[in-house]
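Listing of model_23.txt; format and content: compact mmCIF, C-alpha atoms.
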# COMPACT_ATOMS: atom_id res chain seq x y z
CA MET A 4 6.23 20.45 14.34
CA GLN A 5 3.32 21.21 11.95
CA LYS A 6 3.35 22.90 8.57
CA LYS A 7 0.66 25.39 7.66
CA THR A 8 -1.26 24.07 4.65
CA LYS A 9 -4.03 25.85 2.73
CA PRO A 10 -7.56 24.58 3.44
CA ILE A 11 -8.66 22.06 0.82
CA PRO A 12 -12.12 22.37 -0.79
CA GLN A 13 -14.50 19.42 -0.59
CA VAL A 14 -14.60 19.10 -4.39
CA TYR A 15 -10.91 18.14 -4.31
CA TYR A 16 -11.71 15.11 -2.18
CA THR A 17 -14.59 13.94 -4.37
CA THR A 18 -12.52 14.33 -7.58
CA LEU A 19 -9.62 12.47 -5.97
CA GLU A 20 -11.82 9.67 -4.63
CA GLU A 21 -13.37 9.11 -8.06
CA LEU A 22 -9.88 8.59 -9.49
CA GLN A 23 -8.81 6.44 -6.51
CA ALA A 24 -11.87 4.22 -7.01
CA ALA A 25 -11.08 3.65 -10.72
CA ASP A 26 -7.42 3.01 -9.95
CA PHE A 27 -8.34 0.56 -7.23
CA THR A 28 -10.57 -1.42 -9.59
CA LEU A 29 -7.77 -1.45 -12.19
CA LEU A 30 -5.27 -2.69 -9.61
CA GLU A 31 -7.66 -5.43 -8.47
CA LEU A 32 -8.25 -6.52 -12.06
CA GLN A 33 -4.49 -6.48 -12.69
CA LEU A 34 -3.82 -8.85 -9.78
CA TYR A 35 -6.72 -11.06 -10.85
CA LEU A 36 -5.48 -11.22 -14.44
CA ASP A 37 -1.98 -12.07 -13.16
CA THR A 38 -3.39 -15.38 -11.85
CA HIS A 39 -6.31 -15.84 -14.30
CA PRO A 40 -4.64 -15.21 -17.67
CA SER A 41 -7.46 -16.74 -19.70
CA ASP A 42 -10.36 -14.71 -18.27
CA GLU A 43 -11.41 -12.77 -21.37
CA LYS A 44 -14.31 -11.06 -19.63
CA ALA A 45 -12.05 -9.63 -16.95
CA LEU A 46 -9.57 -8.51 -19.61
CA GLN A 47 -12.37 -6.69 -21.44
CA GLN A 48 -13.38 -4.90 -18.22
CA PHE A 49 -9.74 -3.97 -17.65
CA LYS A 50 -9.40 -2.51 -21.14
CA GLU A 51 -12.59 -0.47 -20.87
CA LEU A 52 -11.69 0.92 -17.48
CA THR A 53 -8.18 1.78 -18.70
CA GLU A 54 -9.80 4.01 -21.30
CA GLN A 55 -12.09 5.66 -18.76
CA ARG A 56 -9.21 6.24 -16.40
CA VAL A 57 -7.47 8.47 -18.94
CA GLY A 58 -10.34 10.95 -18.70
CA LEU A 59 -10.52 10.85 -14.90
CA ALA A 60 -6.78 11.45 -14.52
CA ALA A 61 -6.82 14.27 -17.09
CA ASN A 62 -9.70 15.92 -15.25
CA TYR A 63 -7.86 15.70 -11.91
CA GLU A 64 -4.58 16.98 -13.37
CA ALA A 65 -6.21 19.91 -15.15
CA LYS A 66 -7.44 21.21 -11.80
CA TYR A 67 -4.82 20.03 -9.33
CA GLY A 68 -1.56 19.54 -11.16
CA PRO A 69 0.61 16.59 -12.20
CA LEU A 70 0.04 13.14 -10.73
CA GLN A 71 3.37 11.74 -11.93
CA HIS A 72 6.90 13.12 -12.18
CA TYR A 73 9.71 12.57 -14.68
CA GLY A 74 7.64 14.04 -17.50
CA ARG A 75 4.91 11.36 -17.26
CA SER A 76 2.33 14.12 -16.55
CA LYS A 77 2.05 17.49 -18.25
CA VAL A 78 3.44 20.41 -16.28
CA ALA A 79 2.66 24.12 -16.79
CA HIS A 80 4.72 25.83 -14.08
CA ILE A 81 8.06 24.91 -12.51
CA THR A 82 6.58 24.40 -9.05
CA ASP A 83 3.61 22.30 -10.21
CA TRP A 84 5.23 19.08 -8.99
CA THR A 85 6.93 20.39 -5.85
CA THR A 86 3.93 22.32 -4.55
CA SER A 87 2.08 20.97 -1.55
CA PRO A 88 -0.17 19.32 -0.62
CA TRP A 89 1.47 15.92 -0.77
CA PRO A 90 -0.70 12.84 -0.29
CA TRP A 91 0.00 12.52 3.44
CA GLU A 92 -1.00 16.19 3.94
CA VAL A 93 -4.43 15.82 2.34
CA MET B 2 11.97 1.27 -13.05
CA PHE B 3 9.82 2.98 -10.49
CA ILE B 4 7.59 5.98 -10.88
CA TYR B 5 5.72 7.74 -8.16
CA GLU B 6 2.12 8.81 -8.36
CA LYS B 7 1.18 11.70 -6.11
CA LYS B 8 -1.89 10.31 -4.39
CA LEU B 9 -2.70 7.73 -1.73
CA GLN B 10 -4.15 4.41 -2.90
CA TYR B 11 -7.05 4.84 -0.44
CA PRO B 12 -7.97 7.86 1.70
CA VAL B 13 -6.74 8.14 5.28
CA LYS B 14 -8.77 10.14 7.80
CA VAL B 15 -8.51 10.29 11.56
CA SER B 16 -11.03 11.89 13.90
CA LYS B 17 -8.73 12.64 16.86
CA CYS B 18 -5.14 13.05 17.99
CA ASP B 19 -4.03 9.64 19.28
CA PRO B 20 -0.27 9.14 19.69
CA GLN B 21 -0.86 5.85 21.51
CA MET B 22 -2.50 4.41 18.41
CA ALA B 23 0.29 5.88 16.27
CA LYS B 24 2.78 3.90 18.36
CA TYR B 25 0.87 0.67 17.65
CA LEU B 26 0.59 1.47 13.95
CA ILE B 27 4.40 1.69 13.62
CA GLU B 28 4.28 -2.11 13.83
CA GLN B 29 2.93 -2.12 10.27
CA TYR B 30 5.49 0.47 9.17
CA GLY B 31 8.76 -1.16 10.32
CA GLY B 32 7.68 -4.44 11.91
CA ALA B 33 8.24 -8.07 10.84
CA ASP B 34 4.80 -8.48 9.28
CA GLY B 35 4.50 -4.88 8.11
CA GLU B 36 4.26 -3.17 4.76
CA LEU B 37 7.98 -2.47 4.29
CA ALA B 38 8.81 -6.14 4.87
CA ALA B 39 6.10 -7.22 2.43
CA ALA B 40 7.15 -4.74 -0.27
CA LEU B 41 10.84 -5.66 -0.10
CA ARG B 42 10.20 -9.40 0.23
CA TYR B 43 8.17 -9.59 -2.99
CA MET B 44 10.36 -7.05 -4.82
CA ASN B 45 13.43 -9.18 -4.16
CA GLN B 46 11.85 -12.62 -4.71
CA ARG B 47 10.58 -11.63 -8.16
CA TYR B 48 14.07 -11.83 -9.70
CA THR B 49 14.31 -15.58 -9.17
CA ILE B 50 10.73 -16.79 -9.45
CA PRO B 51 9.16 -18.61 -12.45
CA ASP B 52 8.13 -16.32 -15.32
CA LYS B 53 4.40 -16.85 -14.77
CA VAL B 54 4.54 -15.30 -11.31
CA ILE B 55 6.88 -12.33 -11.82
CA GLY B 56 4.01 -10.01 -12.75
CA LEU B 57 2.07 -10.89 -9.61
CA LEU B 58 5.04 -10.31 -7.28
CA THR B 59 5.85 -6.99 -8.97
CA ASP B 60 2.26 -5.79 -8.79
CA ILE B 61 1.71 -6.77 -5.16
CA SER B 62 5.08 -5.34 -4.10
CA MET B 63 4.12 -1.98 -5.56
CA GLU B 64 0.80 -2.07 -3.76
CA GLU B 65 2.57 -2.72 -0.47
CA PHE B 66 4.65 0.44 -0.93
CA SER B 67 1.35 2.29 -1.38
CA HIS B 68 0.17 0.79 1.89
CA LEU B 69 3.42 1.86 3.60
CA GLU B 70 2.56 5.40 2.56
CA MET B 71 -0.92 5.05 4.06
CA ILE B 72 0.51 3.88 7.39
CA ALA B 73 2.90 6.85 7.40
CA THR B 74 -0.05 9.15 6.76
CA MET B 75 -2.02 7.63 9.66
CA ILE B 76 0.90 8.09 12.05
CA LEU B 77 1.50 11.69 10.95
CA LYS B 78 -2.18 12.61 11.26
CA LEU B 79 -2.49 10.97 14.67
CA THR B 80 0.51 12.84 16.10
CA LYS B 81 0.63 16.18 14.32
CA ASP B 82 -1.26 18.04 17.07
CA ALA B 83 0.34 16.20 19.99
CA THR B 84 2.48 18.00 22.57
CA VAL B 85 5.76 16.46 23.69
CA GLU B 86 4.04 15.62 26.99
CA GLN B 87 1.31 13.71 25.17
CA LEU B 88 3.95 11.83 23.15
CA LYS B 89 5.79 10.86 26.35
CA GLU B 90 2.53 9.67 27.96
CA ALA B 91 1.90 7.49 24.91
CA GLY B 92 5.31 5.85 25.27
CA LEU B 93 6.85 7.76 22.36
CA GLY B 94 9.42 9.67 24.49
CA GLU B 95 12.33 7.49 23.37
CA ALA B 96 11.27 7.78 19.73
CA TYR B 97 10.95 11.55 20.08
CA VAL B 98 14.41 12.10 21.55
CA ASN B 99 16.03 10.23 18.65
CA HIS B 100 13.73 11.21 15.79
CA GLY B 101 11.62 14.15 16.88
CA GLY B 102 8.40 13.93 14.90
CA ALA B 103 10.04 11.85 12.19
CA LEU B 104 8.92 8.33 11.42
CA PHE B 105 11.42 5.49 11.48
CA TYR B 106 11.51 1.88 10.32
CA GLN B 107 11.02 0.13 13.63
CA ASN B 108 8.29 -1.93 15.24
CA ALA B 109 5.93 -0.88 18.05
CA ALA B 110 8.53 -2.00 20.63
CA GLY B 111 11.23 0.15 18.99
CA VAL B 112 13.15 -2.73 17.39
CA PRO B 113 14.67 -1.50 14.11
CA TRP B 114 13.63 -3.10 10.81
CA THR B 115 15.95 -5.85 9.58
CA ALA B 116 16.31 -7.89 6.41
CA SER B 117 16.09 -10.91 8.72
CA TYR B 118 12.33 -10.37 8.46
CA ILE B 119 12.35 -11.54 4.84
CA ALA B 120 13.54 -14.62 2.95
CA ALA B 121 14.41 -15.54 -0.62
CA LYS B 122 15.05 -19.23 -1.26
CA ASN B 123 15.06 -19.39 -5.07
CA ASP B 124 12.46 -22.13 -4.63
CA PRO B 125 9.02 -21.02 -5.82
CA ILE B 126 7.04 -23.13 -3.35
CA ALA B 127 9.15 -21.97 -0.39
CA ASP B 128 8.93 -18.34 -1.53
CA LEU B 129 5.18 -18.38 -2.22
CA TYR B 130 4.33 -20.11 1.06
CA GLU B 131 6.38 -17.49 2.89
CA ASP B 132 4.35 -14.87 1.04
CA ILE B 133 1.03 -16.48 1.98
CA ALA B 134 2.10 -16.66 5.62
CA ALA B 135 3.21 -13.02 5.53
CA GLU B 136 -0.19 -11.92 4.24
CA GLU B 137 -2.03 -13.91 6.91
CA LYS B 138 0.16 -12.42 9.65
CA ALA B 139 -0.40 -8.92 8.30
CA ARG B 140 -4.16 -9.54 8.16
CA ALA B 141 -4.16 -10.69 11.77
CA THR B 142 -2.13 -7.64 12.82
CA TYR B 143 -4.63 -5.32 11.12
CA GLN B 144 -7.42 -7.11 12.98
CA TRP B 145 -5.70 -6.43 16.31
CA LEU B 146 -5.12 -2.79 15.31
CA ILE B 147 -8.79 -2.38 14.39
CA ASP B 148 -9.73 -3.82 17.80
CA MET B 149 -7.43 -1.33 19.52
CA THR B 150 -9.08 1.86 18.26
CA ASP B 151 -12.58 3.33 18.47
CA ASP B 152 -11.83 5.90 15.76
CA VAL B 153 -14.29 4.90 13.02
CA ASP B 154 -12.50 6.96 10.35
CA LEU B 155 -9.17 5.29 11.11
CA GLN B 156 -10.84 1.88 11.25
CA ASP B 157 -12.14 2.40 7.70
CA SER B 158 -8.60 2.61 6.28
CA LEU B 159 -7.41 -0.26 8.48
CA LYS B 160 -10.28 -2.44 7.28
CA PHE B 161 -9.30 -1.63 3.68
CA LEU B 162 -5.74 -2.75 4.42
CA ARG B 163 -6.99 -5.92 6.14
CA GLU B 164 -9.13 -6.80 3.12
CA ARG B 165 -6.15 -6.29 0.80
CA GLU B 166 -4.13 -8.82 2.80
CA ILE B 167 -6.93 -11.34 2.33
CA VAL B 168 -6.93 -10.78 -1.43
CA HIS B 169 -3.12 -10.97 -1.66
CA SER B 170 -3.11 -14.25 0.23
CA MET B 171 -5.68 -15.61 -2.25
CA ARG B 172 -3.56 -14.53 -5.24
CA PHE B 173 -0.41 -16.16 -3.83
CA ARG B 174 -2.37 -19.38 -3.21
CA GLU B 175 -3.57 -19.24 -6.83
CA ALA B 176 0.05 -18.76 -7.92
CA VAL B 177 1.00 -21.96 -6.05
CA GLU B 178 -1.77 -23.83 -7.87
CA MET B 179 -0.60 -22.44 -11.23
CA LEU B 180 2.92 -23.76 -10.57
CA LYS B 181 1.67 -27.12 -9.26
CA GLU B 182 -0.36 -27.55 -12.46
CA ASP B 183 2.79 -26.86 -14.47
CA ARG B 184 4.62 -29.59 -12.54
CA GLU B 185 1.74 -32.03 -13.27
CA VAL B 186 1.87 -31.23 -16.97
CA GLN B 187 5.62 -31.84 -17.11
CA LYS B 188 5.11 -35.40 -15.84
CA VAL B 189 3.07 -36.40 -18.92
CA PHE B 190 5.24 -38.23 -21.47
Represent the structure from my file as C-alpha cells, please.
Amino acid sequence: MQKKTKPIPQVYYTTLEELQAADFTLLELQLYLDTHPSDEKALQQFKELTEQRVGLAANYEAKYGPLQHYGRSKVAHITDWTTSPWPWEV
Amino acid sequence: MFIYEKKLQYPVKVSKCDPQMAKYLIEQYGGADGELAAALRYMNQRYTIPDKVIGLLTDISMEEFSHLEMIATMILKLTKDATVEQLKEAGLGEAYVNHGGALFYQNAAGVPWTASYIAAKNDPIADLYEDIAAEEKARATYQWLIDMTDDVDLQDSLKFLREREIVHSMRFREAVEMLKEDREVQKVF
C-alpha cells in the first residue's frame, strides 16, 4: 500500500515553510483587502510582500523544481513536474 | 481558470499511525460541513453574488480546496503504515473493501457526499448567512476533532484549520455589512 520515497533533508522543510509563511500572509491580506478595500496600509503591506515572495519562490524552485504547471514555472527537465514528492508525500 | 501549486498551504505532520482518527477526519473530507462542501458552495455561489463579494467567495473557495488537500494528507499519513487488521479494528473494514487505501468523498459514517449539502439562492443575504453558518459548523467540527486526538503534531494542523474557519466567518460577516451599507445608501434620495 505504500510507495518508497527518498528521504527528504531538513533544509527542504525549512525552505518550504518560509515560502508557506509568506504565502499565508499574502492570502490573509488578500481576504482582508476583499472586505476592506480602502485600507491603504494593508495594500502597501500586500504589495511589498508580493515582491518578496518572488524571491522566495525562485529560491525554492531553483533547488526543488517547479511549483506550478502549465508553463507558469520554469522547467529544465521533462520529469521536473511529474517527479515525486507530491505535497501529501512530504 | 484554475492552476495548481505543488505545496500544501500549511504543513501536516502526524506522530503515530492512527486509523481511528483517520476515520473521524473523513468527516471534513466528504461530510456536510467539510472542506469539499465549503469549496464547492462558495465556488458556485460566486456566479450570482453582487460584484463586491465575488473576489471574497473566489478566494475563500480556493483556500478550502487547499484545506481539502491537507485533510487528505492527514488521512494518508495516519493510515499508510496500518495493516488491514488495524483498519478493520478502527471501523474502516467497509471502506477498505470498496476503496482499498483510497480516500473517498464520504463522511465519518460512510454516507457519500451530496450536493444537498450546499445551497445557492441567488439572494446575497441568504447565501452569505449560509456561508457564515457553514464556517461556524466547520469550526465546531475541528474543535471536536482536536478533542479526539492526543497527537500534538496533528493537533497543530487542526488548530490552524479551526482558526481559518474563524477568520472566514468574520470575512463573510463583513461582506454582509458591506451589502447592508449599500442597501442603506440606495435609500437616500
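Within 9 Å of range 56-61 of chain B there are Leu30, Gln33, Leu34, Tyr35, Leu36, Asp37 and Thr38 of chain A; Ala39, Ala40, Tyr43, Met44, Gln46, Arg47, Ile50, His169, Arg172, Phe173 and Ala176 of chain B, counting only C-alpha atoms and ignoring same-chain residues fewer than 6 positions away.
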At a cut-off of 6 Å, which residues of chain B touch chain A? Count all atoms listed in the file and give the answer as a count of residues only. 7
Counting only C-alpha atoms, the option among B:Asn45, B:Thr142, B:Gln10, B:Asn108 closest to Ala25 in chain A: B:Gln10
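Coordinates place CA of Leu37 in chain B at a distance of 10.6 Å from CA of Met63 in chain B.
For the atom pair formed by CA of Tyr11 in chain B and CA of Ser67 in chain B, the distance is 8.8 Å, given to one decimal.
With CA of Asp34 in chain B on one side and CA of Leu155 in chain B on the other, the separation reads 19.7 Å.
Among the candidates B:Gln144, B:Thr150, B:Gln29, B:Ser16, the one nearest to Ile72 in chain B when counting all atoms listed in the file is B:Gln29.
Closest approach to Ala83 in chain B among B:Lys17, B:Arg42, B:Lys181, B:Arg163 is made by B:Lys17 (distances from all atoms listed in the file).
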Give me the residues near range 87-101 of chain B as a PyMOL selection string, where near means some atom within 9 Å (using only C-alpha atoms) and where sequence neighbours in that chain fewer than 4 positions away do not count. (chain A and resi 4) or (chain B and resi 19-24+80+83+105+111)
